[in-house]
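Peer 1: Dropping the structure in here first, questions after.
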Amino acid sequence: MYINNGKILEQTRFPSPNPNVELTVITYLSNGLRVKGMLAAPIGDEPMDGFLYLRGGIKNVGKVRPARIAQFAAEGFIVFAPHYRGNQGGEGNEDFAGEDRDDAFAAFLLLKSLSRVRDIHIFGFSRGGVMALLTGIHFPEAASVVTWGGVSDMALTYKERKDLRRMMKRVIGGTPDKFPERYQERTPLYQLERLAAPVLIIHGVKDHNVSVEHAYRLERRLRSLEKPVDGWYFSEFTHYFPPAENRKVVEDLSKWMKNQSR
């Protein structure tokens, strides 16, 4: 473990879409790399829960959107969203829930070091679902884990997403048939015994980017281990929810998170 993981090296103010939320671009340390991320904090100094926002996609697909993290901050959280290594001017190369999971772990430590932050919740969207679960497993003190349209099984992603196969072979080093252990290593389903935090699964049943089977596998595995889990399934939605419903789910999941705080 690198002793300076999560250490803040630079901070630059960023224009915020919400007058009550301050945005800051942060450079922090992750295993010796200078990695970039964005902090969204409600203006003031009162303590509140931390919210680790783990984005989906890879490289420029699924980038952190300032308006999105400001939306969560407006619900009463101090939000930090790592861009992952190699993005937005950060050092290193993103590798799809391989070593770049350490950027999420270091981001958890960064939130923990902030004087205003109380409990820390972990949120992952799409590919970020895997990152959120792996981070929750790594930090048993996490207050809750939420995965929305989240990947839970890397080999299943390879099977379902023909358009991602080339990238996955390049980044992971081959196919699930050739290197099953590399895909298992990136699949939290095999490590859920070590997860202590309650989990909320949110998924659109018509999702073609990340099939609902990922959510079902995760829920089945958690229930078989008698872990606390809630599943919110939306039969009419795909990977992306319509704006009004999206806002409602953000409010509901924020309330759910706060109910899990110690």
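As shown in the structure tokens, the chain order sets the letters A, B, ...; within each chain, residues go from 1, and ligands are also counted from 1 in the order they appear.
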Within 10 Å of A:Asn60, counting only C-alpha atoms, which residues show up once you throw out same-chain ones fewer than 3 positions away? Write them as JSON, numbers by chain, please.

Peer 2: {"A": [57, 63, 64, 83, 87, 88]}

Peer 1: Print the selection's residues with C-alpha atoms to a file, as a PDB file, in the first residue's frame.

Peer 2:
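Written output follows (selection_12.pdb):
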```
ATOM      1  CA  GLY A  57     -17.220   3.785 -19.719  1.00  0.00           C
ATOM      2  CA  LYS A  63     -16.800  10.949 -18.672  1.00  0.00           C
ATOM      3  CA  VAL A  64     -17.644  12.582 -15.328  1.00  0.00           C
ATOM      4  CA  HIS A  83     -11.538  10.397 -13.759  1.00  0.00           C
ATOM      5  CA  ASN A  87      -7.797  10.635 -18.338  1.00  0.00           C
ATOM      6  CA  GLN A  88      -8.212  14.432 -18.291  1.00  0.00           C
TER       7      GLN A  88
END
```

Peer 1: Can you pull out the residues contacting A:Arg85? Cut-off 9 Å, using only C-alpha atoms, and skip same-chain residues under 5 positions away; I want them as a VMD selection string.

Peer 2: chain A and resid 30 33 to 36 90 to 95 100 103

Peer 1: Among stretch 9-198 of chain A, which residues carry a DSSP assignment of strand (DSSP E or B), reported as a ChimeraX atom specification?

Peer 2: /A:9-14,21-30,33-42,48-54,58,61,77-82,117-125,144-148

Peer 1: Write out as a list in words the residues lying within 10 Å of A:Pro19, counting only C-alpha atoms and excluding same-chain residues fewer than 3 positions away.

Peer 2: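 So, after excluding close chain neighbours, the residues are Pro15, Ser16, Glu22, Pro42, Ile43 and Ala70 of chain A.
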
Peer 1: Between A:Phe80, A:Phe241, A:Tyr233, A:Phe72, which has the minimum distance to A:Lys255 (counting only C-alpha atoms)?

Peer 2: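 Comparing A:Phe80, A:Phe241, A:Tyr233, A:Phe72 against A:Lys255, the winner is A:Phe72.
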
Peer 1: Can you tell me how far atom CA of A:Lys159 sits from atom CA of A:Ala81, in Å to one decimal?

Peer 2: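 Separation of atom CA of A:Lys159 and atom CA of A:Ala81: 28.5 Å.
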
Peer 1: Just the residues within 7 Å of A:Leu23, please, counting only C-alpha atoms, with nothing from its chain fewer than 2 positions along; format it as a VMD selection string.

Peer 2: chain A and resid 13 to 16 21 25 38 to 41

Peer 1: Excluding A:Pro176 and its own-chain neighbours fewer than 4 positions away, which residues fall within 9 Å of it when counting only C-alpha atoms? Please give them as a ChimeraX atom specification.

Peer 2: /A:154-155,158-159,169,180-184

Peer 1: Selection from above, C-alpha atoms, as a PDB file, in the first residue's frame, can you write it?

Peer 2:
```
ATOM      1  CA  MET A 154     -16.775  -9.013 -16.620  1.00  0.00           C
ATOM      2  CA  ALA A 155     -16.992 -12.249 -18.623  1.00  0.00           C
ATOM      3  CA  TYR A 158     -17.383  -9.623 -22.944  1.00  0.00           C
ATOM      4  CA  LYS A 159     -20.059 -12.058 -24.112  1.00  0.00           C
ATOM      5  CA  LYS A 169      -8.847  -8.103 -25.246  1.00  0.00           C
ATOM      6  CA  PRO A 180     -10.594 -16.802 -17.061  1.00  0.00           C
ATOM      7  CA  GLU A 181      -8.670 -15.767 -13.939  1.00  0.00           C
ATOM      8  CA  ARG A 182      -8.105 -12.199 -15.273  1.00  0.00           C
ATOM      9  CA  TYR A 183     -11.851 -11.770 -15.790  1.00  0.00           C
ATOM     10  CA  GLN A 184     -12.622 -13.318 -12.387  1.00  0.00           C
TER      11      GLN A 184
END
```

Peer 1: Between atom CA of A:His121 and atom CA of A:Ala215, what is the distance in Å, rounded to a tenth?

Peer 2: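 Atom CA of A:Ala215 lies 19.1 Å from atom CA of A:His121.
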
Peer 1: How many Å separate atom CA of A:Gly56 from atom CA of A:Asn259?

Peer 2: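 Distance reported for this atom pair: 25.4 Å.
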
Peer 1: Excluding same-chain residues fewer than 3 positions from stretch 198-208 of chain A, what lies within 6 Å of it counting only C-alpha atoms, as a PyMOL selection string?

Peer 2: chain A and resi 144-149+211-212+228-235+237-239

Peer 1: Would you please give, as a ChimeraX atom specification, all residues of stretch 26-262 of chain A that DSSP assigns to alpha helix (DSSP H) based on the backbone?

Peer 2: /A:66-73,101-113,128-138,154-160,165-172,180-185,212-224,243-260
